[in-house]
$ cat run-v7.csv   # CSV, C-alpha atoms
chain,number,residue,atom,x,y,z
M,1,MET,CA,-120.5,70.8,47.6
M,2,ARG,CA,-117.1,71.6,49.1
M,3,PRO,CA,-114.2,69.8,47.3
M,4,SER,CA,-111.8,67.9,49.5
M,5,LEU,CA,-108.6,69.8,50.3
M,6,THR,CA,-106.4,66.9,51.0
M,7,PRO,CA,-105.4,65.9,47.4
M,8,MET,CA,-104.6,69.5,46.6
M,9,ILE,CA,-102.4,69.8,49.7
M,10,ASP,CA,-100.7,66.6,48.7
M,11,VAL,CA,-99.8,67.9,45.3
M,12,VAL,CA,-98.7,71.3,46.7
M,13,PHE,CA,-96.4,69.5,49.2
M,14,LEU,CA,-95.0,67.4,46.5
M,15,LEU,CA,-94.2,70.5,44.4
M,16,LEU,CA,-92.7,72.2,47.4
M,17,VAL,CA,-90.4,69.3,48.2
M,18,PHE,CA,-89.4,69.0,44.6
M,19,PHE,CA,-88.3,72.6,44.3
M,20,MET,CA,-86.6,72.6,47.7
M,21,LEU,CA,-84.5,69.7,46.7
M,22,ALA,CA,-83.9,70.7,43.1
M,23,ALA,CA,-83.0,74.3,43.7
M,24,GLN,CA,-79.3,75.1,43.7
M,25,TYR,CA,-78.2,77.7,46.2
M,26,SER,CA,-74.6,77.9,45.4
M,27,ARG,CA,-72.7,81.1,45.6
M,28,GLU,CA,-71.6,81.0,42.0
M,29,ALA,CA,-70.2,84.1,40.4
M,30,THR,CA,-68.3,84.8,37.3
M,31,LEU,CA,-65.0,86.4,36.4
M,32,THR,CA,-64.5,87.7,32.8
M,33,VAL,CA,-61.5,86.2,31.2
M,34,ARG,CA,-59.9,87.2,27.9
M,35,ALA,CA,-57.3,85.8,25.7
M,36,THR,CA,-55.0,88.2,23.9
M,37,PRO,CA,-55.9,87.9,20.2
M,38,GLN,CA,-59.3,89.6,20.6
M,39,SER,CA,-58.2,92.1,23.2
M,40,ILE,CA,-55.4,93.3,21.0
M,41,SER,CA,-57.7,93.8,18.0
M,42,ASN,CA,-60.2,95.7,20.1
M,43,THR,CA,-58.0,97.8,22.2
M,44,PRO,CA,-54.3,98.0,21.1
M,45,TYR,CA,-51.7,97.4,23.7
M,46,VAL,CA,-50.1,100.7,24.8
M,47,GLY,CA,-47.3,101.7,27.0
M,48,PRO,CA,-44.3,99.8,28.5
M,49,PRO,CA,-44.4,96.0,28.7
M,50,ARG,CA,-46.5,94.6,31.5
M,51,LEU,CA,-46.0,90.8,31.4
M,52,VAL,CA,-46.7,88.9,34.6
M,53,ASP,CA,-45.4,85.3,34.7
M,54,VAL,CA,-47.1,83.0,37.1
M,55,THR,CA,-44.9,80.1,38.1
M,56,PRO,CA,-45.2,77.6,40.9
M,57,GLU,CA,-42.4,79.4,42.7
M,58,GLY,CA,-44.0,82.9,42.5
M,59,LEU,CA,-44.6,85.8,40.2
M,60,LEU,CA,-42.3,87.5,37.7
M,61,LEU,CA,-43.0,91.0,36.4
M,62,ASN,CA,-41.2,91.4,33.1
M,63,GLY,CA,-38.9,88.6,34.0
M,64,VAL,CA,-38.0,89.9,37.5
M,65,ASN,CA,-39.1,87.7,40.5
M,66,MET,CA,-41.0,89.7,43.1
M,67,PRO,CA,-43.8,89.3,45.7
M,68,ARG,CA,-47.4,90.0,44.6
M,69,ASP,CA,-47.7,93.3,46.4
M,70,ALA,CA,-44.6,94.6,44.7
M,71,VAL,CA,-45.9,93.4,41.3
M,72,THR,CA,-49.1,95.5,41.9
M,73,ALA,CA,-47.1,98.5,43.0
M,74,GLN,CA,-44.8,98.3,40.0
M,75,LEU,CA,-47.6,97.8,37.6
M,76,SER,CA,-49.3,101.0,38.5
M,77,THR,CA,-46.2,102.9,37.6
M,78,LEU,CA,-46.1,101.1,34.2
M,79,MET,CA,-49.7,101.9,33.3
M,80,GLU,CA,-51.1,105.1,31.8
M,81,ALA,CA,-54.7,104.2,32.8
M,82,PRO,CA,-55.9,101.4,35.2
M,83,THR,CA,-57.8,99.9,32.3
M,84,ASP,CA,-54.6,99.2,30.4
M,85,THR,CA,-54.1,95.6,29.5
M,86,ILE,CA,-51.9,93.4,31.7
M,87,LEU,CA,-50.6,90.3,30.1
M,88,VAL,CA,-50.6,87.2,32.3
M,89,ARG,CA,-48.7,84.1,31.3
M,90,ALA,CA,-49.1,80.9,33.3
M,91,ALA,CA,-46.2,78.5,33.5
M,92,GLN,CA,-46.4,74.7,33.6
M,93,GLY,CA,-47.7,73.4,36.9
M,94,VAL,CA,-49.8,76.4,37.8
M,95,SER,CA,-53.4,75.6,38.8
M,96,VAL,CA,-56.5,77.5,37.7
M,97,GLN,CA,-57.0,78.5,41.3
M,98,THR,CA,-53.6,80.2,41.5
M,99,LEU,CA,-54.4,82.1,38.2
M,100,VAL,CA,-57.8,83.1,39.4
M,101,ASP,CA,-56.4,84.3,42.7
M,102,LEU,CA,-54.1,86.6,40.7
M,103,LEU,CA,-56.8,87.9,38.4
M,104,ASP,CA,-59.0,88.5,41.4
M,105,HIS,CA,-56.2,90.4,43.1
M,106,PHE,CA,-55.7,92.6,40.0
M,107,THR,CA,-59.4,93.3,39.8
M,108,ASP,CA,-59.5,94.3,43.5
M,109,ALA,CA,-56.4,96.5,42.9
M,110,GLY,CA,-58.3,98.3,40.2
M,111,PHE,CA,-56.8,96.7,37.1
M,112,PRO,CA,-59.7,94.9,35.4
M,113,ASN,CA,-58.1,94.2,32.1
M,114,ALA,CA,-55.8,91.2,32.4
M,115,ALA,CA,-55.4,89.1,29.3
M,116,LEU,CA,-54.1,85.6,29.3
M,117,VAL,CA,-51.3,84.8,26.9
M,118,GLU,CA,-49.9,81.5,25.9
M,119,ALA,CA,-46.3,80.6,26.7
M,120,ARG,CA,-44.4,79.8,23.5
M,121,GLU,CA,-42.4,76.7,23.6
Z,1,MET,CA,-116.6,53.8,74.1
Z,2,LYS,CA,-117.0,57.3,72.7
Z,3,LEU,CA,-114.1,59.1,71.2
Z,4,ASN,CA,-114.0,62.8,71.4
Z,5,ARG,CA,-113.5,63.7,67.7
Z,6,PRO,CA,-112.9,67.3,66.8
Z,7,GLU,CA,-115.6,68.9,64.8
Z,8,ARG,CA,-115.1,69.0,61.1
Z,9,ASP,CA,-115.5,72.7,60.7
Z,10,ARG,CA,-112.8,73.5,63.3
Z,11,MET,CA,-110.3,71.2,61.5
Z,12,ASP,CA,-111.0,73.1,58.2
Z,13,ILE,CA,-110.3,76.4,59.8
Z,14,GLY,CA,-106.9,75.2,61.1
Z,15,LEU,CA,-106.0,74.0,57.6
Z,16,VAL,CA,-106.4,77.3,55.8
Z,17,PRO,CA,-103.4,79.1,57.3
Z,18,MET,CA,-101.2,76.1,56.7
Z,19,ILE,CA,-102.2,76.0,53.1
Z,20,ASN,CA,-101.4,79.7,52.8
Z,21,VAL,CA,-97.9,79.2,54.3
Z,22,VAL,CA,-97.2,76.2,52.1
Z,23,PHE,CA,-98.3,78.2,49.0
Z,24,LEU,CA,-96.0,81.0,50.0
Z,25,LEU,CA,-93.1,78.6,50.4
Z,26,LEU,CA,-93.9,77.0,47.1
Z,27,ILE,CA,-94.0,80.4,45.3
Z,28,PHE,CA,-90.7,81.4,47.0
Z,29,PHE,CA,-88.9,78.2,45.9
Z,30,LEU,CA,-90.5,78.5,42.4
Z,31,MET,CA,-89.2,82.0,42.0
Z,32,THR,CA,-85.7,81.5,43.4
Z,33,ALA,CA,-84.9,78.1,42.0
Z,34,ARG,CA,-82.3,77.9,39.3
Z,35,LEU,CA,-82.4,74.6,37.7
Z,36,VAL,CA,-79.0,74.0,36.2
Z,37,PRO,CA,-78.0,70.6,34.8
Z,38,PRO,CA,-75.2,69.2,37.0
Z,39,PRO,CA,-71.7,69.2,35.4
Z,40,PRO,CA,-71.0,66.1,33.5
Z,41,MET,CA,-67.8,65.7,35.4
Z,42,ASP,CA,-66.6,66.2,38.9
Z,43,ILE,CA,-65.7,69.9,38.9
Z,44,LEU,CA,-64.9,72.2,41.8
Z,45,ALA,CA,-65.0,75.8,40.6
Z,46,PRO,CA,-62.2,78.1,41.7
Z,47,GLU,CA,-62.8,80.5,44.6
Z,48,ALA,CA,-62.8,84.3,44.0
Z,49,ASN,CA,-64.1,87.5,45.5
Z,50,SER,CA,-66.0,88.3,42.3
Z,51,GLU,CA,-69.7,89.0,42.8
Z,52,ALA,CA,-70.8,89.3,39.2
Z,53,ALA,CA,-73.8,87.0,39.0
Z,54,ARG,CA,-73.7,83.9,36.8
Z,55,ARG,CA,-75.5,84.4,33.5
Z,56,ASP,CA,-77.9,82.2,31.7
Z,57,ALA,CA,-75.3,81.0,29.3
Z,58,ASP,CA,-74.2,77.6,27.9
Z,59,THR,CA,-71.4,76.1,29.8
Z,60,LEU,CA,-68.1,74.6,28.7
Z,61,TYR,CA,-66.5,72.4,31.3
Z,62,LEU,CA,-62.8,71.8,31.8
Z,63,SER,CA,-62.0,69.0,34.3
Z,64,ARG,CA,-59.0,68.6,36.5
Z,65,THR,CA,-57.4,66.2,34.1
Z,66,GLY,CA,-58.0,68.5,31.1
Z,67,THR,CA,-61.1,66.8,29.7
Z,68,LEU,CA,-63.5,69.1,27.9
Z,69,ALA,CA,-67.3,68.8,27.9
Z,70,PHE,CA,-70.0,70.9,26.2
Z,71,ASN,CA,-73.7,70.2,25.8
Z,72,ALA,CA,-73.5,66.4,26.3
Z,73,VAL,CA,-70.4,66.1,24.1
Z,74,THR,CA,-67.0,65.2,25.7
Z,75,GLY,CA,-63.5,65.0,24.2
Z,76,GLU,CA,-61.5,67.9,22.8
Z,77,ALA,CA,-62.1,67.3,19.1
Z,78,ALA,CA,-65.8,66.7,19.5
Z,79,VAL,CA,-66.3,69.7,21.8
Z,80,MET,CA,-64.5,72.1,19.4
Z,81,ASP,CA,-66.6,70.9,16.6
Z,82,ALA,CA,-69.8,71.4,18.6
Z,83,LEU,CA,-68.6,74.8,19.7
Z,84,ALA,CA,-67.9,75.8,16.1
Z,85,GLN,CA,-71.4,74.8,15.2
Z,86,TRP,CA,-72.7,76.6,18.2
Z,87,THR,CA,-71.1,79.9,17.1
Z,88,GLN,CA,-72.9,79.5,13.8
Z,89,THR,CA,-76.4,79.1,15.3
Z,90,CYS,CA,-75.9,81.4,18.3
Z,91,VAL,CA,-74.0,84.5,17.1
Z,92,ALA,CA,-72.2,86.5,19.8
Z,93,CYS,CA,-73.7,84.4,22.6
Z,94,PRO,CA,-72.0,84.5,26.0
Z,95,LEU,CA,-70.2,81.4,27.1
Z,96,ASP,CA,-69.6,80.3,30.7
Z,97,LEU,CA,-66.4,78.4,31.3
Z,98,MET,CA,-66.4,76.2,34.3
Z,99,ALA,CA,-62.8,75.0,35.0
Z,100,ASP,CA,-61.8,72.9,38.0
Z,101,GLN,CA,-59.6,74.8,40.5
Z,102,GLY,CA,-56.9,72.1,40.1
Z,103,ALA,CA,-56.9,72.2,36.3
Z,104,SER,CA,-53.8,73.4,34.6
Z,105,ALA,CA,-53.8,77.2,34.0
Z,106,ARG,CA,-51.9,76.6,30.7
Z,107,ASP,CA,-54.7,74.3,29.5
Z,108,LEU,CA,-57.1,77.2,30.3
Z,109,THR,CA,-55.1,79.7,28.4
Z,110,ALA,CA,-54.7,77.4,25.4
Z,111,LEU,CA,-58.5,76.8,25.5
Z,112,LEU,CA,-59.2,80.5,25.6
Z,113,SER,CA,-57.1,81.2,22.5
Z,114,GLN,CA,-58.7,78.3,20.7
Z,115,LEU,CA,-62.1,79.7,21.6
Z,116,GLY,CA,-61.0,83.1,20.3
Z,117,ALA,CA,-59.9,81.5,17.1
Z,118,ILE,CA,-63.3,80.1,16.4
Z,119,GLY,CA,-65.0,83.4,17.3
Z,120,VAL,CA,-66.3,82.8,20.8
Z,121,GLU,CA,-66.0,86.0,22.7
Z,122,ASN,CA,-67.7,87.2,25.9
Z,123,ILE,CA,-66.4,84.3,28.0
Z,124,ALA,CA,-66.8,84.3,31.8
Z,125,LEU,CA,-65.1,81.9,34.2
Z,126,VAL,CA,-67.4,80.4,36.8
Z,127,THR,CA,-66.2,81.0,40.3
Z,128,VAL,CA,-67.5,80.3,43.8
Z,129,GLN,CA,-67.6,83.2,46.3
Z,130,LYS,CA,-65.1,82.8,49.1
$ encode --input "run-v7.csv" --output "structure tokens"
Amino acid sequence: MRPSLTPMIDVVFLLLVFFMLAAQYSREATLTVRATPQSISNTPYVGPPRLVDVTPEGLLLNGVNMPRDAVTAQLSTLMEAPTDTILVRAAQGVSVQTLVDLLDHFTDAGFPNAALVEARE
Amino acid sequence: MKLNRPERDRMDIGLVPMINVVFLLLIFFLMTARLVPPPPMDILAPEANSEAARRDADTLYLSRTGTLAFNAVTGEAAVMDALAQWTQTCVACPLDLMADQGASARDLTALLSQLGAIGVENIALVTVQK
């Protein structure tokens, strides 16, 4: 006797529709973030100060206001190796997106080790 | 009146290729589906060029208003307690941090240093490709 195919097809279609609807096809990725305490204990900070302040008005490298490309150019002269740690400090009113844009830019520029530091009040 | 019904055998023959295709689609969706529980809050991840694939890690959520959520727990004190316990049971586990793109960067920094203090390392920020 040949079993009827129809119930099986029903079940398979149900499963298909379930997985099509439940699957998430977002383009999610990740960006490694570090805070300073661990990074300093793992790899000690070396070389001249490299502190980038992110403010709603723009960027400051070691306290001097300059555009982002100038920051990148200056940073490379302040680093012994591209893997040296850059300290990034976000001011009040800066959004996560602005910070991520900067971290992303540093990664693209070949500086993968940015560490986030807290502003001291 | 006599209706011209198709023969039973011919209908079965037409069914087999369709079943094959449906099975293929089913297997495709089974293999590619990533079933992630939706964020407990409305969160829009920041955009970045990063292409590092998202890992299978527990996720800590930071909303636009600064609310924290982790494994069905919300509120800062409760979440930090839950995370402290989580580090006991899951030593050196990676943690995904999903922060809203409009959240305060200072909140994020403060959260990272708190996480460092309770021993959570290997943190990755979830982003969406541009």
$ closest_residue --input "run-v7.csv" --among "Z:Met41, Z:Ile118, Z:Leu97, Z:Ala52" --to "chain M" --atoms "all atoms listed in the file"
Z:Ala52
$ closest_atom_pairs --input "run-v7.csv" --of "chain Z" --to "chain M" --cutoff "6 Å" --atoms "all atoms listed in the file" --output "JSON lines"
{"residue": "Z:Leu26", "atom": "CA", "partner": "M:Leu16", "partner_atom": "CA", "distance": 5.0}
{"residue": "Z:Phe29", "atom": "CA", "partner": "M:Phe19", "partner_atom": "CA", "distance": 5.9}
{"residue": "Z:Ala33", "atom": "CA", "partner": "M:Ala23", "partner_atom": "CA", "distance": 4.6}
{"residue": "Z:Arg34", "atom": "CA", "partner": "M:Ala23", "partner_atom": "CA", "distance": 5.7}
{"residue": "Z:Pro46", "atom": "CA", "partner": "M:Gln97", "partner_atom": "CA", "distance": 5.2}
{"residue": "Z:Glu51", "atom": "CA", "partner": "M:Ala29", "partner_atom": "CA", "distance": 5.5}
{"residue": "Z:Ala52", "atom": "CA", "partner": "M:Ala29", "partner_atom": "CA", "distance": 5.4}
{"residue": "Z:Ala53", "atom": "CA", "partner": "M:Ala29", "partner_atom": "CA", "distance": 4.8}
{"residue": "Z:Arg54", "atom": "CA", "partner": "M:Ala29", "partner_atom": "CA", "distance": 5.0}
{"residue": "Z:Gln101", "atom": "CA", "partner": "M:Gln97", "partner_atom": "CA", "distance": 4.6}
{"residue": "Z:Gly102", "atom": "CA", "partner": "M:Ser95", "partner_atom": "CA", "distance": 5.1}
{"residue": "Z:Ala103", "atom": "CA", "partner": "M:Ser95", "partner_atom": "CA", "distance": 5.5}
{"residue": "Z:Ser104", "atom": "CA", "partner": "M:Ser95", "partner_atom": "CA", "distance": 4.8}
{"residue": "Z:Ala105", "atom": "CA", "partner": "M:Val96", "partner_atom": "CA", "distance": 4.6}
{"residue": "Z:Arg106", "atom": "CA", "partner": "M:Ala90", "partner_atom": "CA", "distance": 5.8}
{"residue": "Z:Leu112", "atom": "CA", "partner": "M:Ala35", "partner_atom": "CA", "distance": 5.6}
{"residue": "Z:Ser113", "atom": "CA", "partner": "M:Ala35", "partner_atom": "CA", "distance": 5.6}
{"residue": "Z:Ala124", "atom": "CA", "partner": "M:Thr32", "partner_atom": "CA", "distance": 4.2}
{"residue": "Z:Leu125", "atom": "CA", "partner": "M:Leu31", "partner_atom": "CA", "distance": 5.0}
{"residue": "Z:Val126", "atom": "CA", "partner": "M:Thr30", "partner_atom": "CA", "distance": 4.5}
{"residue": "Z:Thr127", "atom": "CA", "partner": "M:Ala29", "partner_atom": "CA", "distance": 5.1}
{"residue": "Z:Val128", "atom": "CA", "partner": "M:Glu28", "partner_atom": "CA", "distance": 4.5}
{"residue": "Z:Gln129", "atom": "CA", "partner": "M:Arg27", "partner_atom": "CA", "distance": 5.6}
$ write_last_selection --input "run-v7.csv" --atoms "C-alpha atoms" --output "PDB file, in the frame of the given file"
ATOM      1  CA  LEU Z  26     -93.900  77.000  47.100  1.00  0.00           C
ATOM      2  CA  PHE Z  29     -88.900  78.200  45.900  1.00  0.00           C
ATOM      3  CA  ALA Z  33     -84.900  78.100  42.000  1.00  0.00           C
ATOM      4  CA  ARG Z  34     -82.300  77.900  39.300  1.00  0.00           C
ATOM      5  CA  PRO Z  46     -62.200  78.100  41.700  1.00  0.00           C
ATOM      6  CA  GLU Z  51     -69.700  89.000  42.800  1.00  0.00           C
ATOM      7  CA  ALA Z  52     -70.800  89.300  39.200  1.00  0.00           C
ATOM      8  CA  ALA Z  53     -73.800  87.000  39.000  1.00  0.00           C
ATOM      9  CA  ARG Z  54     -73.700  83.900  36.800  1.00  0.00           C
ATOM     10  CA  GLN Z 101     -59.600  74.800  40.500  1.00  0.00           C
ATOM     11  CA  GLY Z 102     -56.900  72.100  40.100  1.00  0.00           C
ATOM     12  CA  ALA Z 103     -56.900  72.200  36.300  1.00  0.00           C
ATOM     13  CA  SER Z 104     -53.800  73.400  34.600  1.00  0.00           C
ATOM     14  CA  ALA Z 105     -53.800  77.200  34.000  1.00  0.00           C
ATOM     15  CA  ARG Z 106     -51.900  76.600  30.700  1.00  0.00           C
ATOM     16  CA  LEU Z 112     -59.200  80.500  25.600  1.00  0.00           C
ATOM     17  CA  SER Z 113     -57.100  81.200  22.500  1.00  0.00           C
ATOM     18  CA  ALA Z 124     -66.800  84.300  31.800  1.00  0.00           C
ATOM     19  CA  LEU Z 125     -65.100  81.900  34.200  1.00  0.00           C
ATOM     20  CA  VAL Z 126     -67.400  80.400  36.800  1.00  0.00           C
ATOM     21  CA  THR Z 127     -66.200  81.000  40.300  1.00  0.00           C
ATOM     22  CA  VAL Z 128     -67.500  80.300  43.800  1.00  0.00           C
ATOM     23  CA  GLN Z 129     -67.600  83.200  46.300  1.00  0.00           C
TER      24      GLN Z 129
END
$ atom_distance --input "run-v7.csv" --atom1 "atom CA of Asp42 of chain Z" --atom2 "atom CA of Thr67 of chain Z"
10.7 Å
$ atom_distance --input "run-v7.csv" --atom1 "atom CA of Val36 of chain Z" --atom2 "atom CA of Ala57 of chain Z"
10.5 Å
$ residues_around --input "run-v7.csv" --residues "segment 110-112 of chain M" --least-positions-apart "4" --cutoff "7 Å" --atoms "only C-alpha atoms" --output "MDAnalysis selection string"
chainID M and resid 82:83 106
$ residues_around --input "run-v7.csv" --residues "Ala81 of chain M" --least-positions-apart "4" --cutoff "12 Å" --atoms "only C-alpha atoms" --output "MDAnalysis selection string"
chainID M and resid 45:47 75:77 85:86 110:113
$ closest_residue --input "run-v7.csv" --among "M:Ala73, M:Gly63, M:Asp10, M:Leu87" --to "Leu51 of chain M" --atoms "only C-alpha atoms"
M:Leu87
$ residues_near_point --input "run-v7.csv" --point "(-71.4, 85.7, 19.5)" --cutoff "9 Å" --atoms "all atoms listed in the file" --output "JSON, numbers by chain"
{"Z": [87, 88, 90, 91, 92, 93, 94, 95, 119, 120, 121, 122]}
$ residues_around --input "run-v7.csv" --residues "Gly58 of chain M" --least-positions-apart "3" --cutoff "10 Å" --atoms "all atoms listed in the file" --output "MDAnalysis selection string"
chainID M and resid 53:55 65:68 94
$ closest_residue --input "run-v7.csv" --among "Z:Leu108, Z:Gly14, Z:Leu62, Z:Gln114" --to "Ala84 of chain Z" --atoms "all atoms listed in the file"
Z:Gln114
$ atom_distance --input "run-v7.csv" --atom1 "atom CA of Asp96 of chain Z" --atom2 "atom CA of Thr32 of chain Z"
20.5 Å
$ closest_residue --input "run-v7.csv" --among "Z:Val22, Z:Asp100, Z:Asp58, Z:Arg64" --to "Leu83 of chain Z" --atoms "all atoms listed in the file"
Z:Asp58
